[in-house]
>>> print(open('start.cif').read())   # mmCIF, C-alpha atoms
data_data
#
loop_
_atom_site.group_PDB
_atom_site.id
_atom_site.type_symbol
_atom_site.label_atom_id
_atom_site.label_comp_id
_atom_site.auth_asym_id
_atom_site.auth_seq_id
_atom_site.Cartn_x
_atom_site.Cartn_y
_atom_site.Cartn_z
ATOM 1 C CA MET A 1 35.055 41.014 -16.486
ATOM 2 C CA GLN A 2 34.901 44.417 -14.835
ATOM 3 C CA LYS A 3 36.085 44.409 -11.228
ATOM 4 C CA ILE A 4 33.485 45.070 -8.513
ATOM 5 C CA ASP A 5 34.688 47.315 -5.714
ATOM 6 C CA ILE A 6 32.100 48.519 -3.242
ATOM 7 C CA PRO A 7 33.219 50.154 0.009
ATOM 8 C CA ALA A 8 31.721 48.908 3.269
ATOM 9 C CA THR A 9 28.898 50.814 4.934
ATOM 10 C CA ASN A 10 27.524 50.471 8.459
ATOM 11 C CA ARG A 11 25.201 47.741 7.295
ATOM 12 C CA THR A 12 26.816 46.238 4.216
ATOM 13 C CA PRO A 13 30.187 44.542 3.726
ATOM 14 C CA ALA A 14 32.954 45.739 1.426
ATOM 15 C CA VAL A 15 32.823 43.862 -1.852
ATOM 16 C CA ALA A 16 36.079 43.232 -3.730
ATOM 17 C CA PHE A 17 35.496 40.950 -6.699
ATOM 18 C CA ASP A 18 38.674 40.949 -8.759
ATOM 19 C CA PHE A 19 37.563 38.732 -11.624
ATOM 20 C CA ASP A 20 40.839 39.033 -13.586
ATOM 21 C CA VAL A 21 42.821 37.627 -10.692
ATOM 22 C CA GLY A 22 40.008 35.274 -9.690
ATOM 23 C CA HIS A 23 39.978 36.494 -6.085
ATOM 24 C CA LEU A 24 36.645 37.595 -4.587
ATOM 25 C CA LYS A 25 36.043 38.943 -1.084
ATOM 26 C CA LEU A 26 33.238 40.025 1.213
ATOM 27 C CA ILE A 27 34.539 41.909 4.251
ATOM 28 C CA GLY A 28 32.709 43.418 7.198
ATOM 29 C CA GLU A 29 29.165 43.374 8.527
ATOM 30 C CA SER A 30 26.033 42.403 6.668
ATOM 31 C CA TYR A 31 22.537 43.420 7.748
ATOM 32 C CA PRO A 32 21.301 45.410 4.750
ATOM 33 C CA GLU A 33 17.971 47.203 4.769
ATOM 34 C CA ASP A 34 17.081 45.224 1.696
ATOM 35 C CA VAL A 35 19.062 42.040 1.202
ATOM 36 C CA THR A 36 17.801 41.496 -2.332
ATOM 37 C CA THR A 37 18.865 44.909 -3.593
ATOM 38 C CA PHE A 38 22.333 44.476 -2.177
ATOM 39 C CA TYR A 39 23.027 40.857 -3.098
ATOM 40 C CA ASN A 40 21.187 40.292 -6.376
ATOM 41 C CA PRO A 41 23.664 42.234 -8.547
ATOM 42 C CA LEU A 42 26.485 40.293 -6.867
ATOM 43 C CA PHE A 43 24.828 36.933 -7.623
ATOM 44 C CA ASP A 44 24.295 37.946 -11.211
ATOM 45 C CA ALA A 45 27.914 38.999 -11.672
ATOM 46 C CA LEU A 46 29.240 35.881 -9.961
ATOM 47 C CA LYS A 47 26.964 33.620 -11.953
ATOM 48 C CA SER A 48 27.892 35.110 -15.274
ATOM 49 C CA TRP A 49 31.613 35.050 -14.443
ATOM 50 C CA LEU A 50 31.499 31.415 -13.297
ATOM 51 C CA SER A 51 29.638 30.374 -16.427
ATOM 52 C CA ASP A 52 32.626 31.470 -18.525
ATOM 53 C CA GLY A 53 34.324 28.244 -19.613
ATOM 54 C CA SER A 54 37.764 29.839 -19.801
ATOM 55 C CA ILE A 55 37.828 30.550 -16.042
ATOM 56 C CA SER A 56 39.603 27.665 -14.327
ATOM 57 C CA LYS A 57 39.994 28.791 -10.744
ATOM 58 C CA CYS A 58 38.396 30.976 -8.121
ATOM 59 C CA ARG A 59 39.103 31.941 -4.553
ATOM 60 C CA PHE A 60 36.324 33.403 -2.398
ATOM 61 C CA ASP A 61 37.050 34.915 1.026
ATOM 62 C CA PHE A 62 34.317 35.547 3.561
ATOM 63 C CA GLU A 63 35.679 37.891 6.242
ATOM 64 C CA LEU A 64 32.439 38.661 7.989
ATOM 65 C CA ILE A 65 32.254 40.074 11.480
ATOM 66 C CA TYR A 66 28.500 39.778 11.697
ATOM 67 C CA PHE A 67 25.597 38.952 9.404
ATOM 68 C CA ASN A 68 21.874 38.772 10.087
ATOM 69 C CA SER A 69 19.606 35.874 9.256
ATOM 70 C CA SER A 70 18.445 37.332 5.929
ATOM 71 C CA SER A 71 22.068 37.708 4.835
ATOM 72 C CA ALA A 72 22.653 34.064 5.792
ATOM 73 C CA LYS A 73 20.432 33.059 2.900
ATOM 74 C CA ALA A 74 22.397 35.219 0.498
ATOM 75 C CA ILE A 75 25.653 33.675 1.739
ATOM 76 C CA MET A 76 24.216 30.227 1.239
ATOM 77 C CA LEU A 77 23.250 31.059 -2.335
ATOM 78 C CA ILE A 78 26.797 32.275 -3.041
ATOM 79 C CA MET A 79 28.156 29.033 -1.570
ATOM 80 C CA GLU A 80 25.849 27.042 -3.830
ATOM 81 C CA LEU A 81 27.034 28.898 -6.921
ATOM 82 C CA LEU A 82 30.651 28.272 -5.929
ATOM 83 C CA ASP A 83 30.034 24.595 -5.257
ATOM 84 C CA SER A 84 28.319 24.080 -8.611
ATOM 85 C CA ALA A 85 31.281 25.706 -10.352
ATOM 86 C CA ALA A 86 33.599 23.297 -8.530
ATOM 87 C CA GLU A 87 31.384 20.406 -9.528
ATOM 88 C CA ALA A 88 31.665 21.559 -13.131
ATOM 89 C CA GLY A 89 35.439 21.175 -12.901
ATOM 90 C CA LYS A 90 36.774 24.549 -11.787
ATOM 91 C CA SER A 91 39.218 24.753 -8.916
ATOM 92 C CA VAL A 92 37.306 26.616 -6.189
ATOM 93 C CA ASP A 93 38.753 27.612 -2.808
ATOM 94 C CA VAL A 94 36.458 29.056 -0.161
ATOM 95 C CA TYR A 95 37.952 30.696 2.927
ATOM 96 C CA TRP A 96 35.887 31.578 5.979
ATOM 97 C CA PHE A 97 37.683 33.967 8.336
ATOM 98 C CA HIS A 98 36.140 34.507 11.744
ATOM 99 C CA ASP A 99 36.922 36.511 14.848
ATOM 100 C CA PRO A 100 38.656 34.069 17.236
ATOM 101 C CA GLU A 101 36.508 35.383 20.103
ATOM 102 C CA ASP A 102 33.232 34.819 18.319
ATOM 103 C CA GLU A 103 32.371 31.137 18.343
ATOM 104 C CA THR A 104 28.968 31.686 16.729
ATOM 105 C CA MET A 105 30.699 32.929 13.575
ATOM 106 C CA GLU A 106 33.025 29.941 13.689
ATOM 107 C CA GLU A 107 30.058 27.554 14.019
ATOM 108 C CA LEU A 108 28.273 29.252 11.151
ATOM 109 C CA GLY A 109 31.387 28.844 9.038
ATOM 110 C CA GLU A 110 31.517 25.147 9.861
ATOM 111 C CA GLU A 111 27.875 24.797 8.893
ATOM 112 C CA PHE A 112 28.316 26.467 5.523
ATOM 113 C CA GLY A 113 31.522 24.517 4.951
ATOM 114 C CA GLU A 114 29.846 21.162 5.585
ATOM 115 C CA ASP A 115 27.591 21.791 2.618
ATOM 116 C CA LEU A 116 30.380 22.269 0.126
ATOM 117 C CA LYS A 117 30.720 18.929 -1.640
ATOM 118 C CA HIS A 118 33.130 19.944 -4.393
ATOM 119 C CA ALA A 119 34.776 23.234 -3.474
ATOM 120 C CA LYS A 120 37.685 23.251 -1.024
ATOM 121 C CA PHE A 121 36.809 24.891 2.289
ATOM 122 C CA THR A 122 39.152 26.454 4.852
ATOM 123 C CA LEU A 123 38.101 27.857 8.226
ATOM 124 C CA GLU A 124 40.568 30.366 9.624
ATOM 125 C CA LYS A 125 40.864 32.733 12.547
ATOM 126 C CA LEU A 126 41.040 36.388 11.690
ATOM 127 C CA LEU A 127 44.143 37.780 13.358
ATOM 128 C CA ASP A 128 44.943 41.300 14.572
ATOM 129 C CA ARG A 129 41.957 43.240 13.462
ATOM 130 C CA MET B 1 5.701 69.261 36.922
ATOM 131 C CA LEU B 2 6.692 68.503 33.363
ATOM 132 C CA ALA B 3 10.252 67.638 34.318
ATOM 133 C CA SER B 4 9.124 65.386 37.104
ATOM 134 C CA GLU B 5 6.688 63.522 34.840
ATOM 135 C CA VAL B 6 9.293 62.841 32.203
ATOM 136 C CA TYR B 7 11.886 62.061 34.842
ATOM 137 C CA GLU B 8 9.511 59.571 36.447
ATOM 138 C CA LEU B 9 9.076 57.800 33.129
ATOM 139 C CA ARG B 10 12.841 57.552 32.772
ATOM 140 C CA ALA B 11 13.309 56.512 36.414
ATOM 141 C CA ASN B 12 10.754 53.741 35.962
ATOM 142 C CA LEU B 13 12.711 52.341 33.060
ATOM 143 C CA ARG B 14 15.989 52.656 34.945
ATOM 144 C CA ARG B 15 14.558 50.818 37.927
ATOM 145 C CA GLN B 16 13.814 47.925 35.590
ATOM 146 C CA GLY B 17 17.387 47.986 34.323
ATOM 147 C CA VAL B 18 16.409 49.400 30.941
ATOM 148 C CA VAL B 19 19.221 51.252 29.189
ATOM 149 C CA PHE B 20 17.551 51.756 25.803
ATOM 150 C CA ALA B 21 13.830 52.028 25.125
ATOM 151 C CA TYR B 22 11.996 52.759 21.941
ATOM 152 C CA SER B 23 8.246 52.660 21.547
ATOM 153 C CA GLY B 24 6.611 53.848 18.396
ATOM 154 C CA TYR B 25 6.800 53.425 14.667
ATOM 155 C CA VAL B 26 9.857 51.413 13.718
ATOM 156 C CA THR B 27 11.798 51.707 10.498
ATOM 157 C CA GLU B 28 15.097 50.402 9.167
ATOM 158 C CA GLY B 29 16.499 53.880 9.843
ATOM 159 C CA ILE B 30 15.638 53.552 13.515
ATOM 160 C CA LEU B 31 17.250 50.117 13.550
ATOM 161 C CA SER B 32 20.474 51.698 12.200
ATOM 162 C CA GLY B 33 20.458 54.624 14.618
ATOM 163 C CA VAL B 34 19.577 52.763 17.784
ATOM 164 C CA GLY B 35 21.883 49.945 16.668
ATOM 165 C CA ASP B 36 24.867 52.296 16.403
ATOM 166 C CA ALA B 37 24.192 53.796 19.839
ATOM 167 C CA LEU B 38 23.787 50.298 21.287
ATOM 168 C CA LYS B 39 27.143 49.205 19.877
ATOM 169 C CA GLN B 40 28.856 52.248 21.370
ATOM 170 C CA LYS B 41 27.246 51.648 24.727
ATOM 171 C CA LEU B 42 28.307 47.992 24.761
ATOM 172 C CA VAL B 43 31.862 48.920 23.811
ATOM 173 C CA SER B 44 31.976 51.523 26.591
ATOM 174 C CA GLU B 45 30.878 48.852 29.068
ATOM 175 C CA ASP B 46 33.748 46.609 27.952
ATOM 176 C CA ALA B 47 31.356 43.831 26.987
ATOM 177 C CA ASP B 48 33.341 40.928 25.564
ATOM 178 C CA THR B 49 33.217 40.396 21.808
ATOM 179 C CA LYS B 50 30.862 37.447 21.938
ATOM 180 C CA THR B 51 28.359 39.224 24.202
ATOM 181 C CA LEU B 52 28.532 42.414 22.154
ATOM 182 C CA ARG B 53 27.836 40.605 18.892
ATOM 183 C CA SER B 54 25.104 38.466 20.405
ATOM 184 C CA VAL B 55 23.226 41.381 21.996
ATOM 185 C CA PHE B 56 23.483 43.240 18.716
ATOM 186 C CA ALA B 57 22.367 40.218 16.671
ATOM 187 C CA VAL B 58 19.331 39.653 18.898
ATOM 188 C CA PHE B 59 18.435 43.344 18.670
ATOM 189 C CA VAL B 60 18.629 43.318 14.848
ATOM 190 C CA GLU B 61 16.432 40.235 14.498
ATOM 191 C CA GLN B 62 13.871 41.537 17.019
ATOM 192 C CA MET B 63 13.662 44.884 15.203
ATOM 193 C CA GLN B 64 13.383 43.303 11.767
ATOM 194 C CA ASN B 65 10.675 40.921 12.954
ATOM 195 C CA MET B 66 8.685 43.896 14.247
ATOM 196 C CA ILE B 67 9.257 45.913 11.081
ATOM 197 C CA ARG B 68 8.022 43.041 8.922
ATOM 198 C CA TYR B 69 5.346 41.410 11.012
ATOM 199 C CA SER B 70 3.728 43.888 13.368
ATOM 200 C CA VAL B 71 0.100 44.161 12.248
ATOM 201 C CA GLU B 72 -0.229 47.641 13.727
ATOM 202 C CA ARG B 73 0.840 49.698 10.763
ATOM 203 C CA LEU B 74 0.583 53.115 9.276
ATOM 204 C CA PRO B 75 -0.540 52.501 5.696
ATOM 205 C CA ALA B 76 1.669 53.373 2.769
ATOM 206 C CA ASP B 77 0.910 56.638 1.029
ATOM 207 C CA GLY B 78 0.012 55.676 -2.516
ATOM 208 C CA GLU B 79 0.940 59.074 -3.917
ATOM 209 C CA THR B 80 4.430 59.344 -2.509
ATOM 210 C CA GLU B 81 7.014 56.644 -2.109
ATOM 211 C CA VAL B 82 6.511 56.318 1.623
ATOM 212 C CA LEU B 83 6.340 52.656 2.636
ATOM 213 C CA ASP B 84 4.035 51.457 5.328
ATOM 214 C CA ILE B 85 5.590 51.475 8.776
ATOM 215 C CA SER B 86 4.895 49.278 11.740
ATOM 216 C CA TYR B 87 4.505 49.943 15.437
ATOM 217 C CA GLY B 88 6.411 48.179 18.167
ATOM 218 C CA ILE B 89 8.369 48.501 21.377
ATOM 219 C CA VAL B 90 11.910 47.379 22.074
ATOM 220 C CA THR B 91 14.000 47.714 25.216
ATOM 221 C CA ILE B 92 17.552 46.690 26.016
ATOM 222 C CA GLY B 93 18.750 46.453 29.560
ATOM 223 C CA ASN B 94 20.711 44.682 32.235
ATOM 224 C CA GLU B 95 19.376 42.035 34.559
ATOM 225 C CA ALA B 96 21.176 39.773 37.008
ATOM 226 C CA ASP B 97 21.613 37.118 34.297
ATOM 227 C CA GLY B 98 23.046 39.445 31.657
ATOM 228 C CA TYR B 99 21.812 41.707 28.895
ATOM 229 C CA VAL B 100 18.136 41.454 28.065
ATOM 230 C CA VAL B 101 16.339 42.451 24.879
ATOM 231 C CA HIS B 102 12.547 42.722 25.043
ATOM 232 C CA ALA B 103 10.340 43.325 22.028
ATOM 233 C CA GLY B 104 6.592 43.569 21.623
ATOM 234 C CA ASN B 105 4.118 44.162 18.845
ATOM 235 C CA LEU B 106 0.573 43.384 17.784
ATOM 236 C CA ILE B 107 -0.119 40.210 15.834
ATOM 237 C CA LEU B 108 -3.327 38.624 14.567
ATOM 238 C CA LEU B 109 -5.202 36.638 17.180
ATOM 239 C CA SER B 110 -5.488 33.849 14.614
ATOM 240 C CA ASP B 111 -1.673 33.533 14.481
ATOM 241 C CA VAL B 112 -1.232 33.055 18.220
ATOM 242 C CA ASP B 113 -1.562 29.249 18.284
ATOM 243 C CA ASN B 114 1.001 28.724 15.529
ATOM 244 C CA MET B 115 3.473 31.122 17.068
ATOM 245 C CA ARG B 116 3.053 29.612 20.508
ATOM 246 C CA LYS B 117 3.751 26.160 19.093
ATOM 247 C CA ARG B 118 6.802 27.340 17.144
ATOM 248 C CA LEU B 119 8.278 29.299 20.054
ATOM 249 C CA SER B 120 7.671 26.450 22.514
ATOM 250 C CA GLU B 121 9.598 24.151 20.192
ATOM 251 C CA LEU B 122 12.489 26.607 20.014
ATOM 252 C CA ARG B 123 12.479 26.999 23.793
ATOM 253 C CA ALA B 124 12.857 23.274 24.270
ATOM 254 C CA MET B 125 15.834 22.913 21.898
ATOM 255 C CA ASN B 126 19.435 22.540 23.017
ATOM 256 C CA ARG B 127 22.342 24.168 21.165
ATOM 257 C CA GLU B 128 22.797 21.321 18.712
ATOM 258 C CA GLU B 129 19.098 21.208 17.900
ATOM 259 C CA LEU B 130 19.019 24.982 17.366
ATOM 260 C CA ARG B 131 21.984 24.659 15.062
ATOM 261 C CA ALA B 132 20.220 21.978 13.047
ATOM 262 C CA ALA B 133 16.986 24.004 12.991
ATOM 263 C CA TYR B 134 18.837 27.079 11.678
ATOM 264 C CA LYS B 135 20.373 25.063 8.911
ATOM 265 C CA GLY B 136 17.133 23.334 8.055
ATOM 266 C CA GLN B 137 15.241 26.624 7.888
ATOM 267 C CA LEU B 138 17.931 28.202 5.736
ATOM 268 C CA ARG B 139 17.755 25.295 3.323
ATOM 269 C CA SER B 140 13.977 25.282 3.091
ATOM 270 C CA GLU B 141 13.940 28.939 2.095
ATOM 271 C CA THR B 142 16.758 29.149 -0.410
ATOM 272 C CA ASP B 143 14.625 29.443 -3.507
ATOM 273 C CA ALA B 144 14.491 33.142 -2.982
ATOM 274 C CA VAL B 145 16.078 35.555 -0.587
ATOM 275 C CA SER B 146 12.889 36.214 1.278
ATOM 276 C CA ASN B 147 12.012 37.712 4.597
ATOM 277 C CA SER B 148 11.119 35.086 7.107
ATOM 278 C CA ALA B 149 10.397 35.248 10.807
ATOM 279 C CA GLY B 150 11.320 31.609 11.119
ATOM 280 C CA ILE B 151 15.044 31.959 10.786
ATOM 281 C CA GLY B 152 15.134 35.236 12.706
ATOM 282 C CA LEU B 153 13.553 33.588 15.736
ATOM 283 C CA ILE B 154 16.004 30.694 15.536
ATOM 284 C CA GLU B 155 18.893 33.164 15.373
ATOM 285 C CA ILE B 156 17.563 34.882 18.520
ATOM 286 C CA ALA B 157 17.268 31.544 20.345
ATOM 287 C CA ARG B 158 20.791 30.569 19.233
ATOM 288 C CA ARG B 159 22.394 33.782 20.394
ATOM 289 C CA ALA B 160 20.556 33.791 23.725
ATOM 290 C CA SER B 161 22.324 32.334 26.754
ATOM 291 C CA LYS B 162 19.130 30.820 28.130
ATOM 292 C CA PRO B 163 15.768 29.777 26.669
ATOM 293 C CA ILE B 164 13.791 32.640 25.153
ATOM 294 C CA GLU B 165 10.616 33.718 26.965
ATOM 295 C CA PHE B 166 7.402 34.769 25.290
ATOM 296 C CA ASP B 167 3.841 35.706 26.095
ATOM 297 C CA PHE B 168 0.632 36.748 24.374
ATOM 298 C CA MET B 169 -2.182 39.026 25.535
ATOM 299 C CA ARG B 170 -5.549 39.349 23.853
ATOM 300 C CA ILE B 171 -6.263 42.935 22.850
ATOM 301 C CA ASP B 172 -9.540 42.680 20.907
ATOM 302 C CA ASP B 173 -11.440 40.259 18.642
ATOM 303 C CA GLN B 174 -8.694 40.282 16.052
ATOM 304 C CA HIS B 175 -5.477 41.221 17.769
ATOM 305 C CA ALA B 176 -3.079 40.018 20.408
ATOM 306 C CA PHE B 177 0.034 41.635 21.855
ATOM 307 C CA PHE B 178 3.109 39.443 21.471
ATOM 308 C CA ALA B 179 6.119 39.892 23.742
ATOM 309 C CA LEU B 180 9.490 38.190 23.414
ATOM 310 C CA LYS B 181 12.407 38.272 25.847
ATOM 311 C CA ALA B 182 15.922 37.122 25.076
ATOM 312 C CA THR B 183 18.740 37.081 27.628
ATOM 313 C CA VAL B 184 22.330 37.140 26.371
#
>>> encode(input="start.cif", output="structure tokens")
Amino acid sequence: MQKIDIPATNRTPAVAFDFDVGHLKLIGESYPEDVTTFYNPLFDALKSWLSDGSISKCRFDFELIYFNSSSAKAIMLIMELLDSAAEAGKSVDVYWFHDPEDETMEELGEEFGEDLKHAKFTLEKLLDR
Amino acid sequence: MLASEVYELRANLRRQGVVFAYSGYVTEGILSGVGDALKQKLVSEDADTKTLRSVFAVFVEQMQNMIRYSVERLPADGETEVLDISYGIVTIGNEADGYVVHAGNLILLSDVDNMRKRLSELRAMNREELRAAYKGQLRSETDAVSNSAGIGLIEIARRASKPIEFDFMRIDDQHAFFALKATV
């Protein structure tokens, strides 16, 4: 599938979905003017890629500095897609990188991680940024 | 005369510790612009990372709540693509306890009881309960990525360093002014 590469803006994270390698990343801040417009195309792409039976593994990195409450819902939906793919037998690794000085982001990571029943979840500190 | 009037307005705000004040029609563009200036100001004050992010997070949620829910609105222009815009006031300042974000807008008088109940519940919650409430609210709304005041208010309460404060004032038969204060 065609790679998705969207540079970060003030209010939206950088998107680097390298489907050939199976490594997908969201990096930066997320408080879009319109959450639906920003995230819906990403859900669609992710969903269609994960539904491909020949894909066996996926790694998803969240490297978010800040996200607002509307983005939290979008993140949760991504997590749910990833967890269903893991349930269906794919090997799915989810990484949550957070600023070591921001415990709210760490807590939020823990909360999202607790909900993953099938995918493997790793919480890590973001170093030297 | 003119200078002294405007200066007096500014001095009044300063006396109350207000560093940023915006009163008028609010849009996402204003959120971006004021947000960027706020970030710069916080960085220049050497605010620690956690405080900086929390003040910013509270500001974003307060602004978006006003943009979505203020009932004082300029109607959309059907002929052009101008969306309706809402009216509100937001201030950010310093008090003895830390940074303070105030926001105020008109709501329907008929919504006051519900909001008072909801906000009183949030005020009474400890960190763990707020955490659980955030998660519960997120889960109950996952069918669609929708705009909800519920989760925004929980986020504000979570990021605040002490219980949020709120008040309502009757304006006329249909409207009340709603004010919310969060200290970080």
>>> atom_distance(input="start.cif", atom1="atom CA of Cys58 of chain A", atom2="atom CA of Val94 of chain A")
8.4 Å
>>> interface_residues(input="start.cif", of="chain B", to="chain A", cutoff="10 Å", atoms="all atoms listed in the file", output="ChimeraX atom specification")
/B:27-29,31-32,35-36,48-54,56-58,60-61,64,131-132,134-135,137-139,141-156,158-159
>>> resolve_selection(input="start.cif", expression="the PyMOL selection byres ((chain B and resi 85) around 9)", output="list in words")
Tyr25, Val26, Thr27, Ile67, Arg68, Glu72, Arg73, Leu74, Pro75, Ala76, Val82, Leu83, Asp84, Ser86 and Tyr87 of chain B
>>> atom_distance(input="start.cif", atom1="atom CA of Ser110 of chain B", atom2="atom CA of His175 of chain B")
8.0 Å
>>> residues_around(input="start.cif", residues="Thr9 of chain A", least_positions_apart="2", cutoff="10 Å", atoms="all atoms listed in the file", output="PDB file with C-alpha atoms, keeping the file's coordinate frame")
ATOM      1  CA  ILE A   6      32.100  48.519  -3.242  1.00  0.00           C
ATOM      2  CA  PRO A   7      33.219  50.154   0.009  1.00  0.00           C
ATOM      3  CA  ARG A  11      25.201  47.741   7.295  1.00  0.00           C
ATOM      4  CA  THR A  12      26.816  46.238   4.216  1.00  0.00           C
ATOM      5  CA  PRO A  13      30.187  44.542   3.726  1.00  0.00           C
ATOM      6  CA  ALA A  14      32.954  45.739   1.426  1.00  0.00           C
ATOM      7  CA  GLY A  28      32.709  43.418   7.198  1.00  0.00           C
ATOM      8  CA  GLU A  29      29.165  43.374   8.527  1.00  0.00           C
ATOM      9  CA  SER A  30      26.033  42.403   6.668  1.00  0.00           C
ATOM     10  CA  PRO A  32      21.301  45.410   4.750  1.00  0.00           C
TER      11      PRO A  32
END
>>> atom_distance(input="start.cif", atom1="atom CA of Arg14 of chain B", atom2="atom CA of Lys162 of chain B")
23.1 Å
>>> residues_around(input="start.cif", residues="Ala45 of chain A", least_positions_apart="4", cutoff="9 Å", atoms="only C-alpha atoms", output="ChimeraX atom specification")
/A:1,4,40-41,49-50
>>> resolve_selection(input="start.cif", expression="the PyMOL selection byres ((chain B and resi 89-94) around 6)", output="list in words")
Gly17, Val18, Val19, Phe20, Ala21, Tyr22, Ser23, Gly88, Glu95, Gly98, Tyr99, Val100, Val101, His102, Ala103 and Gly104 of chain B
>>> residues_around(input="start.cif", residues="Thr122 of chain A", least_positions_apart="6", cutoff="10 Å", atoms="only C-alpha atoms", output="list of chain:residue names")
A:Asp61, A:Asp93, A:Val94, A:Tyr95, A:Trp96, A:Phe97, A:Gly109, A:Glu110, A:Gly113
>>> closest_residue(input="start.cif", among="A:Lys3, A:Asp20, A:Ile75, A:Glu63", to="Phe38 of chain A", atoms="only C-alpha atoms")
A:Ile75
>>> resolve_selection(input="start.cif", expression="the PyMOL selection byres ((chain A and resi 88) around 12)", output="list of chain:residue names")
A:Leu50, A:Ser51, A:Asp52, A:Gly53, A:Ile55, A:Ser56, A:Lys57, A:Leu81, A:Leu82, A:Asp83, A:Ser84, A:Ala85, A:Ala86, A:Glu87, A:Gly89, A:Lys90, A:Ser91, A:Val92, A:Lys117, A:His118, A:Ala119
>>> residues_around(input="start.cif", residues="Ala160 of chain B", least_positions_apart="5", cutoff="7 Å", atoms="all atoms listed in the file", output="list in words")
Ala182, Thr183 and Val184 of chain B
>>> write_last_selection(input="start.cif", atoms="C-alpha atoms", output="PDB file, in the coordinates of the input")
ATOM      1  CA  ALA B 182      15.922  37.122  25.076  1.00  0.00           C
ATOM      2  CA  THR B 183      18.740  37.081  27.628  1.00  0.00           C
ATOM      3  CA  VAL B 184      22.330  37.140  26.371  1.00  0.00           C
TER       4      VAL B 184
END
>>> closest_residue(input="start.cif", among="A:Gly22, A:Ile27, A:Phe62, A:Ile78", to="Lys47 of chain A", atoms="all atoms listed in the file")
A:Ile78
>>> axis_aligned_box(input="start.cif", around="segment 78-95 of chain A", padding_each_side="8 Å", output="AutoDock Vina command-line options")
--center_x 32.5 --center_y 26.3 --center_z -5.1 --size_x 29.4 --size_y 27.9 --size_z 32.1
>>> closest_residue(input="start.cif", among="B:Leu122, B:Ala133, B:Val71, B:Met1", to="Ile164 of chain B", atoms="only C-alpha atoms")
B:Leu122
>>> closest_residue(input="start.cif", among="B:Ala157, B:Val112, B:Val55, B:Leu42", to="Glu128 of chain B", atoms="all atoms listed in the file")
B:Ala157
>>> closest_residue(input="start.cif", among="A:Phe43, A:Glu124, A:Asp5, A:Lys25", to="Phe60 of chain A", atoms="all atoms listed in the file")
A:Lys25
